[in-house]
Amino acid sequence: MQKQVATPALGLLGSFIPVAAESHFPIQNLPYGTFRRRTGELPRIGVAIGDYVLDLAALAENGCFSHPQAAVREALSQSTLNAFMALGPLAWAMVRVELQNLLSAQNSILRDHAALRDAVLIPQSQVTLCMPVDIGDYTDFYASKEHASNVGTLWRGKDNALMPNWTHMPIGYHGRASSVVISGTPVRRPSGQILSNGASVPQFGPSGILDFELEMGFFIGPGNALGRPVSVRDAASHIFGLVLVNDWSARDIQKWEYQPLGPFLGKSFATSLSPWIVPLAALAPFRVPSPAQDPAPLPYLQSVGDWALNIELAVALKTAAMNAPAQISRSNMRYLYWNMLQQLAHHSSNGCNLRPGDLLASGTISGPTPDSFGSLLELTWNGANPLKLPSGEERKFLEDGDTVVMNAYAQGEGYRVGFGEVRGTVAPALKP
Ligand code: CA
């Protein structure tokens, strides 16, 4: 591995590992994931740096990671991040400082010892990334005002676009944790009950209106006891980190089933995650004000400080006939009306207990302009304006063989804190 002097833009935070300016994984990021080198091997916890994975268990085995607390060392030798997530912000911060020190250009321990580097740093191209968390519960919010207004307008008309409760609380529903999958997992087109236009009775068959939803999600760190809400003031200390989420949706199934209790089978067939969890601490430089909230939220939802995140989001689509994905939307996490602290405080406000590794997703993140919408339902206005692709093809919704690629990063001065990508290809419905 070649040495690299810290670039001025990276300042003291430069690593001895070469990291390109457009890399998602500079030393300022250090996202957590799990990986295996061989099939059959138990996943191990790692941190992404440049094109490498830093193997945390191997670090400990080689005496390079000497965290004083046995609980921390034990948590980092597991096959999922749940135990580490449960330890809380102080433990996370201590580990982060230790890893940044080990990887910095000034530290000789790894920099000057090739055998040691080879034992703990593995090219990402040589590993398979795994689901990093045992997700107990998954909750999906509906926190983008633009998205809620667009869907409401399409399905109920402009006058009933936003329900009267929407501006008073972060609306959400309980999703399905068992079908949350890692990027790269194919997504089978679901079958379900569909009421065709003009029909009076439904039929059962493959969804004809398959869609993606561009979302961000966050993982719960320390949980709360049943019956003891987390206050909005304390909510940030319960957030471990964030991932990029594609919450696949079958609009025809959803539209027939969603009233009065909300989404069910139109959503629960698949949710895809980016494999690296970006620590909340790595995103601190990208906190910006949220959109103004009017009316003012009730006191239990009033967060203090800037908690929107300036994270650029992009969606690209590749059909089976295309050589490369073409970008079809650009959005930004900062558009969200309800922030993560408000979502978390609201979720636990009735005493509901959240547990380490629970996933809370934002709901589709749409911006104010048509090119920033986060779903095909909105981008094509329910199929009225099909997308024109560089291949000459058109798309109203997803067809079999289509691949959706989402990408997210926050742009710093000369570096990016990125999430990598979340990718999935639509597989045909099972034959009846
Ligand atoms: Ca969703």
# chains A, B, ... in the order shown; residues from 1 in each chain; ligands from 1

$ select_by_dssp --residues "segment 291-420 of chain A" --states "strand (DSSP E)" --output "ChimeraX atom specification"
/A:308-309,312-318,326-332,359-361,387-388,394-395,403-411,416-420

$ residues_near_ligand --ligand "ligand 1" --cutoff "6 Å" --atoms "only C-alpha atoms and all ligand atoms" --output "PDB file with N, CA and C atoms, in the first residue's frame"
ATOM      1  N   ASP A 140     -41.498   3.145   9.579  1.00  0.00           N
ATOM      2  CA  ASP A 140     -41.333   4.037   8.430  1.00  0.00           C
ATOM      3  C   ASP A 140     -42.183   5.287   8.632  1.00  0.00           C
ATOM      4  N   GLU A 213     -38.786   4.046  -3.245  1.00  0.00           N
ATOM      5  CA  GLU A 213     -38.915   5.251  -2.423  1.00  0.00           C
ATOM      6  C   GLU A 213     -37.530   5.607  -1.899  1.00  0.00           C
ATOM      7  N   ASP A 247     -37.260   1.987  -0.016  1.00  0.00           N
ATOM      8  CA  ASP A 247     -38.434   1.304   0.522  1.00  0.00           C
ATOM      9  C   ASP A 247     -39.387   0.981  -0.634  1.00  0.00           C
ATOM     10  N   GLY A 363     -39.306   8.007   5.425  1.00  0.00           N
ATOM     11  CA  GLY A 363     -40.308   8.175   4.367  1.00  0.00           C
ATOM     12  C   GLY A 363     -39.636   8.850   3.175  1.00  0.00           C
ATOM     13  N   THR A 364     -40.296   8.763   2.034  1.00  0.00           N
ATOM     14  CA  THR A 364     -39.747   9.301   0.785  1.00  0.00           C
ATOM     15  C   THR A 364     -39.354  10.763   0.931  1.00  0.00           C
TER      16      THR A 364
END

$ closest_residue --among "A:His24, A:Arg188, A:Arg330, A:Arg423" --to "Asn246 of chain A" --atoms "only C-alpha atoms"
A:Arg423

$ select_by_dssp --residues "segment 159-279 of chain A" --states "alpha helix (DSSP H)" --output "ChimeraX atom specification"
/A:251-257

$ write_last_selection --atoms "all heavy atoms" --output "CSV table (one decimal), in the first residue's frame"
chain,number,residue,atom,x,y,z
A,251,ARG,N,-47.7,0.1,-5.7
A,251,ARG,CA,-48.7,1.2,-5.6
A,251,ARG,C,-50.1,0.7,-5.7
A,251,ARG,O,-51.0,1.2,-5.1
A,251,ARG,CB,-48.4,2.3,-6.6
A,251,ARG,CG,-47.1,3.0,-6.5
A,251,ARG,CD,-46.9,3.7,-5.1
A,251,ARG,NE,-45.6,4.4,-5.1
A,251,ARG,CZ,-45.1,4.8,-3.9
A,251,ARG,NH1,-45.8,4.6,-2.8
A,251,ARG,NH2,-43.9,5.4,-3.9
A,252,ASP,N,-50.3,-0.3,-6.6
A,252,ASP,CA,-51.7,-0.8,-6.9
A,252,ASP,C,-52.1,-1.6,-5.6
A,252,ASP,O,-53.3,-1.5,-5.2
A,252,ASP,CB,-51.8,-1.7,-8.1
A,252,ASP,CG,-50.5,-2.5,-8.4
A,252,ASP,OD1,-49.7,-2.6,-7.5
A,252,ASP,OD2,-50.5,-3.1,-9.5
A,253,ILE,N,-51.2,-2.4,-5.0
A,253,ILE,CA,-51.6,-3.1,-3.8
A,253,ILE,C,-51.9,-2.1,-2.7
A,253,ILE,O,-52.9,-2.2,-2.0
A,253,ILE,CB,-50.5,-4.1,-3.4
A,253,ILE,CG1,-50.3,-5.2,-4.5
A,253,ILE,CG2,-50.8,-4.8,-2.1
A,253,ILE,CD1,-49.1,-6.1,-4.3
A,254,GLN,N,-51.0,-1.2,-2.6
A,254,GLN,CA,-51.1,-0.1,-1.5
A,254,GLN,C,-52.4,0.6,-1.6
A,254,GLN,O,-53.1,0.9,-0.6
A,254,GLN,CB,-49.9,0.8,-1.6
A,254,GLN,CG,-49.8,1.9,-0.6
A,254,GLN,CD,-48.7,2.9,-0.9
A,254,GLN,OE1,-47.9,2.7,-1.8
A,254,GLN,NE2,-48.6,3.9,-0.1
A,255,LYS,N,-52.7,1.0,-2.8
A,255,LYS,CA,-53.9,1.9,-3.0
A,255,LYS,C,-55.2,1.2,-2.6
A,255,LYS,O,-56.1,1.9,-2.0
A,255,LYS,CB,-54.0,2.4,-4.4
A,255,LYS,CG,-55.0,3.5,-4.6
A,255,LYS,CD,-55.0,4.2,-6.0
A,255,LYS,CE,-56.0,5.3,-6.0
A,255,LYS,NZ,-56.1,5.9,-7.3
A,256,TRP,N,-55.3,-0.1,-2.8
A,256,TRP,CA,-56.5,-0.8,-2.5
A,256,TRP,C,-56.6,-1.2,-1.0
A,256,TRP,O,-57.7,-1.3,-0.4
A,256,TRP,CB,-56.5,-2.1,-3.4
A,256,TRP,CG,-57.6,-3.1,-3.1
A,256,TRP,CD1,-57.4,-4.5,-2.9
A,256,TRP,CD2,-59.0,-3.0,-3.0
A,256,TRP,NE1,-58.6,-5.1,-2.7
A,256,TRP,CE2,-59.6,-4.2,-2.8
A,256,TRP,CE3,-59.9,-1.8,-3.2
A,256,TRP,CZ2,-61.0,-4.4,-2.6
A,256,TRP,CZ3,-61.2,-2.0,-3.0
A,256,TRP,CH2,-61.8,-3.3,-2.8
A,257,GLU,N,-55.4,-1.3,-0.4
A,257,GLU,CA,-55.4,-1.8,1.0
A,257,GLU,C,-55.3,-0.7,2.1
A,257,GLU,O,-55.5,-1.0,3.3
A,257,GLU,CB,-54.3,-2.8,1.2
A,257,GLU,CG,-52.9,-2.1,1.3
A,257,GLU,CD,-51.7,-3.0,1.5
A,257,GLU,OE1,-51.9,-4.2,1.6
A,257,GLU,OE2,-50.6,-2.4,1.6

$ residues_around --residues "segment 399-413 of chain A" --least-positions-apart "6" --cutoff "7 Å" --atoms "only C-alpha atoms" --output "PyMOL selection string"
chain A and resi 9+24+244+286+310-320+419-428

$ closest_atom_pairs --of "segment 365-426 of chain A" --to "segment 149-159 of chain A" --cutoff "12 Å" --atoms "only C-alpha atoms" --output "CSV"
residue,atom,partner,partner_atom,distance
A:Ile365,CA,A:Asn150,CA,11.4
A:Ser366,CA,A:Asn150,CA,9.0
A:Gly367,CA,A:Asn150,CA,10.6
A:Pro368,CA,A:Asn150,CA,10.1
A:Thr369,CA,A:Asn150,CA,11.1
A:Pro370,CA,A:Asn150,CA,10.2
A:Phe373,CA,A:Asn150,CA,9.1
A:Gly374,CA,A:Asn150,CA,10.6
A:Ser375,CA,A:Val151,CA,9.9
A:Leu376,CA,A:Val151,CA,11.0
A:Leu377,CA,A:Val151,CA,7.8
A:Glu378,CA,A:Asn150,CA,6.6
A:Leu379,CA,A:Asn150,CA,10.0
A:Thr380,CA,A:Leu154,CA,11.2
A:Trp381,CA,A:Leu154,CA,7.6
A:Asn382,CA,A:Leu154,CA,7.3
A:Gly383,CA,A:Leu154,CA,10.9
A:Ala384,CA,A:Leu154,CA,10.9

$ closest_residue --among "A:Ala236, A:Val97, A:Leu30, A:Cys64" --to "Phe219 of chain A" --atoms "only C-alpha atoms"
A:Ala236

$ closest_residue --among "A:Pro43, A:Ser79, A:Ala429, A:Ala20" --to "Gly208 of chain A" --atoms "only C-alpha atoms"
A:Ala429

$ closest_residue --among "A:Gly63, A:Gly205, A:Gly172, A:Pro275" --to "Leu430 of chain A" --atoms "only C-alpha atoms"
A:Gly205

$ decode --residues "segment 47-66 of chain A" --atoms "N, CA and C atoms" --output "PDB file, in the first residue's frame"
ATOM      1  N   VAL A  47     -14.766  -1.240   9.467  1.00  0.00           N
ATOM      2  CA  VAL A  47     -14.981   0.183   9.207  1.00  0.00           C
ATOM      3  C   VAL A  47     -14.403   0.461   7.826  1.00  0.00           C
ATOM      4  N   ALA A  48     -15.140   1.220   7.003  1.00  0.00           N
ATOM      5  CA  ALA A  48     -14.652   1.529   5.650  1.00  0.00           C
ATOM      6  C   ALA A  48     -13.694   2.711   5.701  1.00  0.00           C
ATOM      7  N   ILE A  49     -12.553   2.563   5.008  1.00  0.00           N
ATOM      8  CA  ILE A  49     -11.600   3.672   4.851  1.00  0.00           C
ATOM      9  C   ILE A  49     -11.040   3.583   3.434  1.00  0.00           C
ATOM     10  N   GLY A  50     -11.304   4.604   2.624  1.00  0.00           N
ATOM     11  CA  GLY A  50     -10.895   4.558   1.215  1.00  0.00           C
ATOM     12  C   GLY A  50     -11.467   3.325   0.548  1.00  0.00           C
ATOM     13  N   ASP A  51     -10.618   2.557  -0.124  1.00  0.00           N
ATOM     14  CA  ASP A  51     -11.068   1.330  -0.798  1.00  0.00           C
ATOM     15  C   ASP A  51     -10.915   0.095   0.092  1.00  0.00           C
ATOM     16  N   TYR A  52     -10.675   0.304   1.392  1.00  0.00           N
ATOM     17  CA  TYR A  52     -10.392  -0.801   2.302  1.00  0.00           C
ATOM     18  C   TYR A  52     -11.452  -0.946   3.379  1.00  0.00           C
ATOM     19  N   VAL A  53     -11.439  -2.126   3.985  1.00  0.00           N
ATOM     20  CA  VAL A  53     -12.202  -2.367   5.215  1.00  0.00           C
ATOM     21  C   VAL A  53     -11.184  -2.607   6.324  1.00  0.00           C
ATOM     22  N   LEU A  54     -11.345  -1.905   7.423  1.00  0.00           N
ATOM     23  CA  LEU A  54     -10.511  -2.133   8.599  1.00  0.00           C
ATOM     24  C   LEU A  54     -11.228  -3.161   9.474  1.00  0.00           C
ATOM     25  N   ASP A  55     -10.577  -4.312   9.673  1.00  0.00           N
ATOM     26  CA  ASP A  55     -11.167  -5.439  10.411  1.00  0.00           C
ATOM     27  C   ASP A  55     -10.946  -5.202  11.906  1.00  0.00           C
ATOM     28  N   LEU A  56     -12.003  -4.889  12.641  1.00  0.00           N
ATOM     29  CA  LEU A  56     -11.833  -4.476  14.044  1.00  0.00           C
ATOM     30  C   LEU A  56     -11.431  -5.641  14.944  1.00  0.00           C
ATOM     31  N   ALA A  57     -11.950  -6.840  14.653  1.00  0.00           N
ATOM     32  CA  ALA A  57     -11.537  -7.996  15.463  1.00  0.00           C
ATOM     33  C   ALA A  57     -10.049  -8.300  15.225  1.00  0.00           C
ATOM     34  N   ALA A  58      -9.615  -8.173  13.970  1.00  0.00           N
ATOM     35  CA  ALA A  58      -8.193  -8.418  13.667  1.00  0.00           C
ATOM     36  C   ALA A  58      -7.307  -7.375  14.338  1.00  0.00           C
ATOM     37  N   LEU A  59      -7.809  -6.149  14.419  1.00  0.00           N
ATOM     38  CA  LEU A  59      -7.052  -5.109  15.136  1.00  0.00           C
ATOM     39  C   LEU A  59      -6.803  -5.538  16.571  1.00  0.00           C
ATOM     40  N   ALA A  60      -7.879  -6.010  17.229  1.00  0.00           N
ATOM     41  CA  ALA A  60      -7.756  -6.435  18.624  1.00  0.00           C
ATOM     42  C   ALA A  60      -6.817  -7.638  18.742  1.00  0.00           C
ATOM     43  N   GLU A  61      -6.968  -8.616  17.816  1.00  0.00           N
ATOM     44  CA  GLU A  61      -6.122  -9.818  17.864  1.00  0.00           C
ATOM     45  C   GLU A  61      -4.640  -9.466  17.717  1.00  0.00           C
ATOM     46  N   ASN A  62      -4.353  -8.392  16.988  1.00  0.00           N
ATOM     47  CA  ASN A  62      -2.963  -7.991  16.769  1.00  0.00           C
ATOM     48  C   ASN A  62      -2.478  -6.956  17.784  1.00  0.00           C
ATOM     49  N   GLY A  63      -3.283  -6.758  18.820  1.00  0.00           N
ATOM     50  CA  GLY A  63      -2.861  -5.875  19.909  1.00  0.00           C
ATOM     51  C   GLY A  63      -2.874  -4.407  19.558  1.00  0.00           C
ATOM     52  N   CYS A  64      -3.544  -4.033  18.446  1.00  0.00           N
ATOM     53  CA  CYS A  64      -3.551  -2.619  18.041  1.00  0.00           C
ATOM     54  C   CYS A  64      -4.730  -1.856  18.623  1.00  0.00           C
ATOM     55  N   PHE A  65      -5.674  -2.596  19.155  1.00  0.00           N
ATOM     56  CA  PHE A  65      -6.896  -1.932  19.613  1.00  0.00           C
ATOM     57  C   PHE A  65      -7.067  -2.311  21.065  1.00  0.00           C
ATOM     58  N   SER A  66      -6.666  -1.393  21.930  1.00  0.00           N
ATOM     59  CA  SER A  66      -6.560  -1.740  23.347  1.00  0.00           C
ATOM     60  C   SER A  66      -7.562  -0.939  24.158  1.00  0.00           C
TER      61      SER A  66
END
